[in-house]
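The structure file entry_29.txt is reproduced below (compact mmCIF, C-alpha atoms).
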```txt
# COMPACT_ATOMS: atom_id res chain seq x y z
CA MET A 25 -0.22 -13.84 14.43
CA GLU A 26 0.42 -10.10 14.66
CA LYS A 27 -1.15 -8.09 11.88
CA ARG A 28 1.20 -6.82 9.19
CA ASP A 29 0.72 -3.96 6.78
CA TYR A 30 -1.34 -5.23 3.84
CA TYR A 31 1.09 -3.82 1.27
CA GLU A 32 3.92 -5.60 3.07
CA VAL A 33 1.96 -8.86 3.09
CA LEU A 34 1.59 -8.80 -0.71
CA GLY A 35 5.02 -7.27 -1.29
CA VAL A 36 3.75 -4.31 -3.31
CA ASP A 37 4.23 -0.54 -3.20
CA LYS A 38 1.44 1.70 -1.87
CA LYS A 39 1.07 3.12 -5.37
CA ALA A 40 0.64 -0.36 -6.91
CA SER A 41 -2.06 -0.69 -9.58
CA ALA A 42 -5.02 -3.05 -9.28
CA ASP A 43 -3.36 -5.43 -11.76
CA GLU A 44 -0.10 -5.45 -9.78
CA ILE A 45 -1.99 -6.21 -6.58
CA LYS A 46 -3.88 -9.06 -8.27
CA LYS A 47 -0.66 -10.58 -9.62
CA ALA A 48 1.06 -10.26 -6.25
CA TYR A 49 -1.83 -11.99 -4.48
CA ARG A 50 -1.89 -14.84 -6.99
CA LYS A 51 1.85 -15.34 -6.45
CA LYS A 52 1.44 -15.48 -2.66
CA ALA A 53 -1.59 -17.76 -2.92
CA ILE A 54 0.34 -20.21 -5.09
CA GLN A 55 3.29 -20.12 -2.69
CA TYR A 56 1.24 -20.83 0.44
CA HIS A 57 -1.65 -22.85 -1.01
CA PRO A 58 -2.71 -25.74 1.31
CA ASP A 59 -2.42 -28.28 -1.52
CA LYS A 60 1.23 -27.35 -1.93
CA ASN A 61 1.88 -27.20 1.83
CA PRO A 62 -0.18 -30.03 3.36
CA GLY A 63 -0.32 -29.89 7.15
CA ASP A 64 1.73 -26.68 7.34
CA LYS A 65 -0.18 -24.38 9.71
CA GLU A 66 2.18 -21.45 9.14
CA ALA A 67 1.64 -21.63 5.39
CA GLU A 68 -2.12 -21.83 5.97
CA GLU A 69 -2.04 -18.66 8.09
CA LYS A 70 0.00 -16.83 5.46
CA PHE A 71 -2.47 -18.01 2.81
CA LYS A 72 -5.31 -16.47 4.86
CA GLU A 73 -3.24 -13.35 5.56
CA ALA A 74 -2.68 -12.81 1.83
CA ALA A 75 -6.40 -13.29 1.16
CA GLU A 76 -7.28 -10.70 3.81
CA ALA A 77 -4.80 -8.23 2.33
CA TYR A 78 -6.19 -8.79 -1.17
CA ASP A 79 -9.78 -8.45 0.06
CA VAL A 80 -8.96 -4.89 1.21
CA LEU A 81 -6.51 -3.69 -1.43
CA SER A 82 -8.51 -5.02 -4.39
CA ASN A 83 -11.56 -3.03 -3.28
CA PRO A 84 -11.13 0.73 -4.07
CA GLU A 85 -13.41 1.80 -1.23
CA LYS A 86 -11.77 -0.43 1.39
CA ARG A 87 -8.30 0.47 0.13
CA ALA A 88 -9.04 4.19 0.47
CA ARG A 89 -10.21 3.68 4.06
CA TYR A 90 -7.14 1.60 4.85
CA ASP A 91 -4.78 4.18 3.32
CA GLN A 92 -6.40 6.94 5.40
CA PHE A 93 -7.08 5.22 8.72
CA GLY A 94 -4.98 2.02 8.68
CA PHE A 95 -6.43 -0.99 10.51
CA ALA A 96 -8.80 1.33 12.36
CA GLY A 97 -10.70 1.95 9.12
CA MET A 98 -11.17 -1.80 8.73
CA SER A 99 -11.89 -2.82 12.27
CA GLY A 100 -12.53 0.14 14.47
CA ALA A 101 -9.40 -0.64 16.52
CA ALA A 102 -5.97 -1.27 15.19
CA GLY A 103 -4.85 -4.84 15.45
CA ASN A 104 -8.03 -5.84 17.21
CA GLY A 105 -10.17 -8.37 15.44
CA GLY A 106 -13.16 -7.84 17.73
CA PRO A 107 -16.54 -7.81 16.00
CA PHE A 108 -15.14 -5.82 13.09
CA GLY A 109 -12.89 -6.17 10.12
CA GLY A 110 -10.18 -8.79 9.58
CA PHE A 111 -11.74 -12.00 8.40
CA SER A 112 -8.84 -14.44 8.42
CA GLY A 113 -9.78 -15.69 11.86
CA GLY A 114 -13.41 -16.24 10.91
CA MET A 115 -13.31 -17.54 7.34
CA SER A 116 -12.59 -21.02 6.20
CA MET A 117 -10.57 -22.03 3.15
CA ASP A 118 -13.88 -22.62 1.37
CA ASP A 119 -14.86 -19.02 2.06
CA ILE A 120 -11.62 -17.72 0.56
CA PHE A 121 -11.90 -19.96 -2.51
CA SER A 122 -15.52 -18.91 -2.92
CA MET A 123 -14.58 -15.23 -2.94
CA PHE A 124 -11.29 -15.34 -4.85
CA GLY A 125 -11.26 -18.64 -6.73
CA ASP A 126 -11.38 -16.83 -10.07
CA ILE A 127 -7.98 -15.26 -9.33
CA PHE A 128 -6.33 -18.64 -9.83
CA GLY A 129 -7.44 -18.99 -13.41
CA GLY A 130 -9.98 -21.70 -12.78
CA HIS A 131 -13.26 -22.33 -11.03
CA GLY A 132 -12.04 -24.70 -8.38
CA GLY A 133 -10.28 -24.11 -5.13
CA GLY A 134 -7.95 -27.07 -5.48
CA PHE A 135 -4.39 -26.53 -6.47
CA GLY A 136 -4.99 -28.19 -9.81
CA SER A 137 -6.60 -24.94 -10.89
CA PHE A 138 -3.16 -23.38 -11.05
CA GLY A 139 -2.15 -25.85 -13.73
CA GLY A 140 0.74 -28.15 -13.01
CA PHE A 141 0.76 -28.83 -9.27
CA GLY A 142 -1.61 -31.78 -9.31
CA GLY A 143 -4.92 -32.26 -7.56
CA SER A 144 -8.37 -32.31 -9.08
CA SER A 145 -10.68 -31.05 -6.35
CA THR A 146 -13.71 -28.99 -7.32
CA GLN A 147 -15.27 -26.04 -5.59
CA GLN A 148 -18.99 -25.37 -5.72
CA ARG A 149 -20.20 -21.83 -5.60
CA ARG A 150 -21.42 -20.27 -2.36
CA PHE A 151 -23.66 -17.26 -2.63
CA ARG A 152 -22.69 -14.16 -0.67
CA GLY A 153 -25.24 -11.72 0.69
CA SER A 154 -24.90 -8.04 -0.12
CA ASP A 155 -23.48 -5.50 2.32
CA LEU A 156 -25.65 -3.09 4.27
CA ARG A 157 -24.80 0.52 5.11
CA VAL A 158 -26.02 2.59 8.03
CA LYS A 159 -25.10 6.09 9.21
CA VAL A 160 -24.61 6.96 12.86
CA LYS A 161 -24.37 10.52 14.23
CA LEU A 162 -22.16 11.00 17.26
CA ASN A 163 -21.57 13.99 19.51
CA LEU A 164 -18.14 14.85 20.91
CA LYS A 165 -18.89 13.16 24.23
CA GLU A 166 -19.71 9.87 22.50
CA ILE A 167 -16.60 10.17 20.33
CA SER A 168 -14.42 10.81 23.36
CA THR A 169 -15.54 7.72 25.28
CA GLY A 170 -16.76 5.31 22.60
CA VAL A 171 -20.37 4.23 22.52
CA GLU A 172 -22.66 1.27 21.94
CA LYS A 173 -25.43 1.73 19.38
CA LYS A 174 -28.32 -0.54 18.45
CA PHE A 175 -29.80 -0.72 14.95
CA LYS A 176 -32.99 -2.42 13.84
CA LEU A 177 -32.05 -3.54 10.35
CA LYS A 178 -34.47 -4.44 7.60
CA LYS A 179 -32.57 -7.14 5.75
CA TYR A 180 -32.59 -10.60 4.22
CA VAL A 181 -32.33 -13.27 6.90
CA THR A 182 -32.11 -17.05 6.77
CA CYS A 183 -35.50 -18.67 6.16
CA SER A 184 -36.61 -20.31 9.44
CA HIS A 185 -38.95 -22.71 7.62
CA CYS A 186 -36.25 -24.49 5.62
CA HIS A 187 -33.26 -23.33 7.71
CA GLY A 188 -31.70 -21.75 4.66
CA THR A 189 -31.60 -24.83 2.44
CA GLY A 190 -34.38 -23.62 0.13
CA ALA A 191 -35.96 -27.08 0.15
CA GLU A 192 -39.43 -27.95 1.41
CA GLY A 193 -39.66 -30.58 4.14
CA ASN A 194 -37.43 -33.56 3.43
CA GLY A 195 -37.36 -32.83 -0.27
CA GLY A 196 -33.73 -31.82 -0.05
CA SER A 197 -31.59 -31.41 -3.11
CA GLU A 198 -29.88 -33.63 -5.62
CA THR A 199 -26.66 -33.51 -7.58
CA CYS A 200 -26.92 -31.28 -10.61
CA PRO A 201 -27.34 -33.49 -13.71
CA THR A 202 -25.53 -30.96 -15.92
CA CYS A 203 -22.25 -30.49 -14.05
CA LYS A 204 -22.37 -33.71 -11.96
CA GLY A 205 -21.89 -31.67 -8.79
CA SER A 206 -18.77 -29.76 -9.81
CA GLY A 207 -20.55 -26.42 -10.18
CA SER A 208 -18.94 -25.73 -13.54
CA VAL A 209 -19.01 -27.00 -17.10
CA ILE A 210 -16.30 -27.17 -19.74
CA ARG A 211 -17.12 -25.84 -23.18
CA ASN A 212 -15.15 -26.68 -26.32
CA GLN A 213 -14.81 -24.01 -28.95
CA GLN A 214 -13.19 -24.35 -32.35
CA THR A 215 -10.78 -21.56 -33.24
CA ILE A 216 -8.09 -21.03 -35.85
CA LEU A 217 -5.64 -22.24 -33.23
CA GLY A 218 -7.56 -25.45 -32.63
CA THR A 219 -9.98 -26.52 -29.93
CA MET A 220 -10.08 -24.20 -26.93
CA GLN A 221 -11.55 -25.27 -23.60
CA THR A 222 -13.18 -22.83 -21.19
CA ARG A 223 -14.66 -23.56 -17.79
CA THR A 224 -17.79 -21.60 -16.89
CA THR A 225 -20.40 -21.58 -14.15
CA CYS A 226 -23.01 -24.27 -14.63
CA PRO A 227 -26.19 -22.67 -16.03
CA THR A 228 -28.46 -25.24 -14.39
CA CYS A 229 -27.40 -24.96 -10.75
CA GLY A 230 -25.72 -21.56 -10.84
CA GLY A 231 -22.45 -23.05 -9.66
CA GLU A 232 -23.76 -24.75 -6.51
CA GLY A 233 -23.40 -28.29 -7.83
CA LYS A 234 -26.90 -29.24 -6.72
CA VAL A 235 -30.52 -28.48 -7.57
CA ILE A 236 -33.52 -28.32 -5.25
CA LYS A 237 -36.19 -30.95 -5.95
CA ASN A 238 -39.01 -29.38 -3.92
CA LYS A 239 -38.70 -25.64 -3.25
CA CYS A 240 -39.60 -24.17 0.15
CA LYS A 241 -43.01 -22.51 0.08
CA GLU A 242 -41.88 -19.66 2.37
CA CYS A 243 -38.79 -18.49 0.50
CA ALA A 244 -39.51 -19.96 -2.98
CA GLY A 245 -36.28 -21.95 -2.82
CA GLU A 246 -34.00 -18.99 -2.10
CA GLY A 247 -33.22 -19.91 1.49
CA ILE A 248 -33.67 -16.28 2.59
CA VAL A 249 -36.65 -14.06 3.43
CA TYR A 250 -37.02 -10.35 4.12
CA GLY A 251 -37.06 -9.67 7.85
CA GLU A 252 -35.31 -7.66 10.50
CA GLU A 253 -32.56 -8.04 13.08
CA VAL A 254 -31.41 -5.89 15.98
CA VAL A 255 -27.65 -5.45 15.83
CA THR A 256 -25.51 -3.96 18.60
CA VAL A 257 -22.42 -2.11 17.42
CA LYS A 258 -19.59 -1.03 19.72
CA ILE A 259 -18.02 2.11 18.26
CA PRO A 260 -14.51 2.79 19.59
CA ALA A 261 -13.39 6.12 20.99
CA GLY A 262 -11.70 8.59 18.65
CA VAL A 263 -13.58 7.88 15.43
CA ALA A 264 -13.93 10.74 12.96
CA GLU A 265 -16.32 12.15 10.36
CA GLY A 266 -16.23 10.01 7.21
CA MET A 267 -14.65 6.97 8.85
CA GLN A 268 -16.35 3.71 7.96
CA LEU A 269 -16.34 0.66 10.21
CA SER A 270 -17.27 -2.80 9.00
CA MET A 271 -19.00 -5.48 11.04
CA THR A 272 -18.40 -8.86 9.47
CA GLY A 273 -21.36 -11.11 8.74
CA LYS A 274 -24.12 -8.68 9.76
CA GLY A 275 -25.27 -7.75 6.24
CA ASN A 276 -27.84 -9.59 4.14
CA ALA A 277 -27.87 -13.37 4.47
CA GLY A 278 -26.54 -15.36 1.51
CA LYS A 279 -28.84 -17.66 -0.44
CA HIS A 280 -28.78 -21.35 0.42
CA ASN A 281 -26.78 -20.85 3.63
CA GLY A 282 -24.13 -18.88 1.80
CA LEU A 283 -21.84 -16.22 3.21
CA PRO A 284 -23.57 -13.23 4.83
CA GLY A 285 -22.57 -9.75 3.74
CA ASP A 286 -21.09 -7.12 6.04
CA LEU A 287 -22.62 -4.19 7.88
CA LEU A 288 -20.80 -0.92 7.05
CA ILE A 289 -21.18 1.87 9.61
CA LEU A 290 -20.51 5.40 8.33
CA ILE A 291 -19.54 7.87 11.06
CA GLU A 292 -21.01 11.37 11.09
CA GLU A 293 -20.25 14.05 13.69
CA GLU A 294 -22.84 16.35 15.20
CA PRO A 295 -21.52 19.95 15.15
CA ASP A 296 -20.81 21.19 18.67
CA LYS A 297 -22.16 24.61 19.68
CA GLU A 298 -18.89 25.73 21.27
CA LEU A 299 -16.01 23.41 20.38
CA ILE A 300 -14.40 22.88 16.98
CA ARG A 301 -12.55 19.64 16.20
CA GLU A 302 -9.13 19.69 14.52
CA GLU A 303 -8.04 16.03 14.29
CA ASN A 304 -7.65 15.04 17.97
CA ASP A 305 -7.44 18.61 19.27
CA LEU A 306 -10.42 20.78 20.18
CA ILE A 307 -10.53 24.56 19.67
CA TYR A 308 -12.52 27.07 21.68
CA ASN A 309 -12.73 30.80 20.93
CA LEU A 310 -12.66 32.67 24.23
CA LEU A 311 -14.12 36.18 23.99
CA LEU A 312 -12.75 38.36 26.81
CA SER A 313 -13.91 41.78 27.88
CA PHE A 314 -11.32 44.53 27.53
CA PRO A 315 -10.97 44.99 31.32
CA THR A 316 -10.40 41.26 31.89
CA ALA A 317 -7.78 41.11 29.14
CA ALA A 318 -6.02 44.13 30.63
CA LEU A 319 -6.37 43.33 34.34
CA GLY A 320 -6.38 39.53 34.24
CA GLY A 321 -8.67 37.20 36.15
CA ALA A 322 -10.28 33.77 35.99
CA VAL A 323 -12.81 32.64 33.39
CA GLU A 324 -14.63 29.41 32.62
CA VAL A 325 -14.19 27.54 29.35
CA PRO A 326 -16.17 24.50 28.18
CA THR A 327 -14.62 21.02 27.74
CA ILE A 328 -16.13 17.68 26.82
CA ASP A 329 -16.48 16.84 30.52
CA GLY A 330 -17.85 20.21 31.66
CA LYS A 331 -16.54 23.68 32.37
CA VAL A 332 -13.09 24.36 33.85
CA LYS A 333 -11.53 27.58 35.15
CA VAL A 334 -8.65 29.17 33.28
CA LYS A 335 -6.38 31.91 34.62
CA ILE A 336 -6.01 34.99 32.44
CA GLU A 337 -2.76 36.86 32.91
CA PRO A 338 -2.86 40.69 33.00
CA GLY A 339 -2.18 42.18 29.57
CA THR A 340 -3.32 39.08 27.64
CA GLN A 341 -3.28 39.91 23.92
CA PRO A 342 -5.89 38.90 21.30
CA GLY A 343 -4.69 35.86 19.36
CA LYS A 344 -2.93 34.28 22.34
CA VAL A 345 -3.56 30.51 22.51
CA LEU A 346 -3.89 28.74 25.85
CA ARG A 347 -3.29 24.97 25.73
CA LEU A 348 -5.13 22.64 28.10
CA ARG A 349 -3.30 19.32 27.93
CA ASN A 350 -5.26 16.07 27.40
CA LYS A 351 -8.60 17.87 27.17
CA GLY A 352 -9.11 16.87 23.53
CA LEU A 353 -10.10 13.56 21.93
CA PRO A 354 -8.33 10.19 22.11
CA SER A 355 -6.65 8.73 19.05
CA VAL A 356 -8.66 5.91 17.48
CA ASN A 357 -5.43 3.88 17.41
CA GLY A 358 -4.85 4.47 21.11
CA TYR A 359 -1.84 6.76 20.70
CA GLY A 360 -2.49 9.55 23.19
CA ILE A 361 -5.10 12.25 23.69
CA GLY A 362 -5.37 15.63 22.01
CA ASP A 363 -5.46 19.05 23.70
CA LEU A 364 -7.99 21.86 24.07
CA LEU A 365 -6.68 25.02 22.41
CA VAL A 366 -8.25 28.21 23.77
CA ASN A 367 -7.94 31.06 21.29
CA VAL A 368 -8.24 34.45 23.00
CA SER A 369 -10.30 37.22 21.41
CA VAL A 370 -11.09 40.59 22.98
CA TYR A 371 -14.52 42.16 22.68
CA VAL A 372 -14.62 45.84 21.74
CA PRO A 373 -18.01 47.38 22.67
CA GLU A 374 -19.90 48.91 19.78
CA ALA A 375 -21.67 51.59 21.83
CA LEU A 376 -20.33 53.58 24.81
CA SER A 377 -21.91 55.84 27.39
CA LYS A 378 -20.60 59.40 27.80
CA ASP A 379 -18.70 58.46 30.97
CA GLU A 380 -17.16 55.37 29.33
CA LYS A 381 -16.15 57.35 26.28
CA LYS A 382 -14.58 60.04 28.44
CA ALA A 383 -12.65 57.48 30.49
CA LEU A 384 -11.25 55.83 27.36
CA GLU A 385 -10.27 59.19 25.86
CA GLU A 386 -8.29 59.93 29.00
CA MET A 387 -6.58 56.52 28.85
CA GLU A 388 -5.74 56.97 25.19
CA GLY A 389 -3.22 59.61 26.12
CA SER A 390 -1.29 57.16 28.30
CA ASP A 391 1.75 55.41 26.78
CA ASN A 392 0.49 52.12 28.25
CA PHE A 393 -2.38 52.17 25.73
CA LYS A 394 -0.13 52.73 22.73
CA PRO A 395 1.49 49.64 21.15
CA ASN A 396 5.26 49.96 20.97
CA ALA A 397 7.49 48.62 18.17
CA SER A 398 8.04 45.30 19.95
CA ILE A 399 4.30 44.66 20.27
CA LYS A 400 3.69 45.65 16.67
CA GLU A 401 6.35 43.22 15.46
CA LYS A 402 4.96 40.41 17.60
CA ILE A 403 1.43 40.91 16.27
CA PHE A 404 2.72 41.14 12.69
CA ARG A 405 4.51 37.77 13.04
CA LYS A 406 1.32 36.14 14.27
CA PHE A 407 -0.65 37.66 11.42
CA LYS A 408 1.92 36.57 8.85
CA SER A 409 1.93 32.99 10.15
CA LEU A 410 -1.74 32.68 9.18
CA PHE A 411 -0.74 32.83 5.50
CA GLU A 412 2.28 30.53 5.60
```

Go ahead and render the structure in this file as structure tokens.
Amino acid sequence: MEKRDYYEVLGVDKKASADEIKKAYRKKAIQYHPDKNPGDKEAEEKFKEAAEAYDVLSNPEKRARYDQFGFAGMSGAAGNGGPFGGFSGGMSMDDIFSMFGDIFGGHGGGFGSFGGFGGSSTQQRRFRGSDLRVKVKLNLKEISTGVEKKFKLKKYVTCSHCHGTGAEGNGGSETCPTCKGSGSVIRNQQTILGTMQTRTTCPTCGGEGKVIKNKCKECAGEGIVYGEEVVTVKIPAGVAEGMQLSMTGKGNAGKHNGLPGDLLILIEEEPDKELIREENDLIYNLLLSFPTAALGGAVEVPTIDGKVKVKIEPGTQPGKVLRLRNKGLPSVNGYGIGDLLVNVSVYVPEALSKDEKKALEEMEGSDNFKPNASIKEKIFRKFKSLFE
């Protein structure tokens, strides 16, 4: 299914508050919930689509990236699931209920939690590992082509001794005696309005619905240990300073075979010695000698792929901009390539020999070396445009 704008999916305005987004998601989740639409694959996909939209828009950091970069900020390539971003294709219904079950006003994932649509299924808690963040510095060449980077991450990984269960040997686990496996308990509280019932996470099992009888000696029953993993990240062409990519499932492992966190990759740009980036365009300041500016000629200017020759017309004025098409950076969304803008400056020597000074004094008397009204007006317009 083709990706749709997250705001469109939830039917909210881009200026919607967090509460409005939460209400909109709950409405969509009720409409497309599997218990209400048994066997309906289209409803199931829309249920996942709404969960993905809520996952981004309910998180201020993710929402800011999405607002600035669109799907590229989530996945590194618009509309491309790849190793990044969009989770609907890789998460089960249990995953969604585990992350957002509280939105429905109850602990369970079943439709009975909405109150009134029937069903009585329960949903045990699944732990989720925390996210990891790494910074990667890229030069303009790497940004122009895309690059593959490897990271050796110090992180929590699944315990190899117990395979993440947290149990030693065949000790296994047993149903929690407090919640009878539901993962939650109901508490009755007397108020002036009568008896009020509240459902809370089971204090004995922490919401998992089971307790470990014999804890693993390697991980002390957690199911995770501190280790390391080498992760390869493919960074797409056109990324920019401050952009953050997310690699699903490559963060810290979740306890007891829970959901792993994500790896967040923050992009930093190495300053180039000659080229300045302006979105997808590159800018180079070309410093010409006075004779070359007056007589014309050919000069070399740097690009990402090496130096190229540029023709200088006779009488080229300072401030003139030469545009080299498609010599800039590609768009991260794949919509074209920027240009290289060559800004012309003219060098005026600070010290002159007697002969040079005499030659210039002679030229000063020529009308060709005196700017006329047309030239003055042209230069003034360029100067004025800098402040508009």

Skip segment 291-293 of chain A itself and residues of its chain fewer than 4 positions away, then list as a CSV table (one decimal) with C-alpha atoms, keeping the file's coordinate frame all residues within 8 Å of it, counting all atoms listed in the file.
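Okay, around.csv is ready:
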```csv
chain,number,residue,atom,x,y,z
A,159,LYS,CA,-25.1,6.1,9.2
A,160,VAL,CA,-24.6,7.0,12.9
A,161,LYS,CA,-24.4,10.5,14.2
A,162,LEU,CA,-22.2,11.0,17.3
A,163,ASN,CA,-21.6,14.0,19.5
A,164,LEU,CA,-18.1,14.8,20.9
A,263,VAL,CA,-13.6,7.9,15.4
A,264,ALA,CA,-13.9,10.7,13.0
A,265,GLU,CA,-16.3,12.2,10.4
A,266,GLY,CA,-16.2,10.0,7.2
A,267,MET,CA,-14.6,7.0,8.8
A,268,GLN,CA,-16.4,3.7,8.0
A,269,LEU,CA,-16.3,0.7,10.2
```

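If only C-alpha atoms are the atoms counted, then among A:Thr316, A:Ser390, A:Asn350, A:Thr256 the closest residue to Lys335 of chain A is A:Thr316.
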
Residues within 7 Å of segment 199-204 of chain A, please, as a tab-separated table (two decimals) with C-alpha atoms, keeping the file's coordinate frame. Count only C-alpha atoms; anything in the same chain fewer than 6 positions from it doesn't count.
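File part_1.tsv, as written:
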```
chain	number	residue	atom	x	y	z
A	226	CYS	CA	-23.01	-24.27	-14.63
A	228	THR	CA	-28.46	-25.24	-14.39
A	229	CYS	CA	-27.40	-24.96	-10.75
A	233	GLY	CA	-23.40	-28.29	-7.83
A	234	LYS	CA	-26.90	-29.24	-6.72
A	235	VAL	CA	-30.52	-28.48	-7.57
```

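Distances here use only C-alpha atoms; by that measure, the residue among A:Val366, A:Tyr371, A:Lys60, A:Gly273 closest to Pro315 of chain A is A:Tyr371.
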
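Atom CA of Arg301 of chain A lies 25.9 Å from atom CA of Glu337 of chain A.
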
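The interatomic distance for the pair atom CA of Asn396 of chain A and atom CA of Val323 of chain A works out to 27.9 Å.
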
Here is a test: counting only C-alpha atoms, which residue of A:Lys241, A:Arg223, A:Lys279, A:Arg157 is nearest to Thr189 of chain A? A:Lys279

Using only the atoms of segment 359-378 of chain A listed in the file, plus 3 Å on each side, state the axis-aligned box centre and edge lengths in Å rounded to one decimal, as JSON.
```
{"center_x": -11.9, "center_y": 33.1, "center_z": 23.8, "size_x": 26.1, "size_y": 58.6, "size_z": 14.0}
```

Spatial neighbours of Tyr49 of chain A, max dist 12 Å, all atoms listed in the file, sep filter under 4 positions, as JSON, numbers by chain: {"A": [30, 31, 32, 33, 34, 35, 36, 42, 43, 44, 45, 53, 54, 55, 56, 57, 70, 71, 72, 73, 74, 75, 76, 77, 78, 79, 80, 81, 82, 124, 125, 127, 128]}

Pick from A:Gly205, A:Gly262, A:Gly339, A:Gly330: nearest to Phe314 of chain A, with all atoms listed in the file counted? A:Gly339
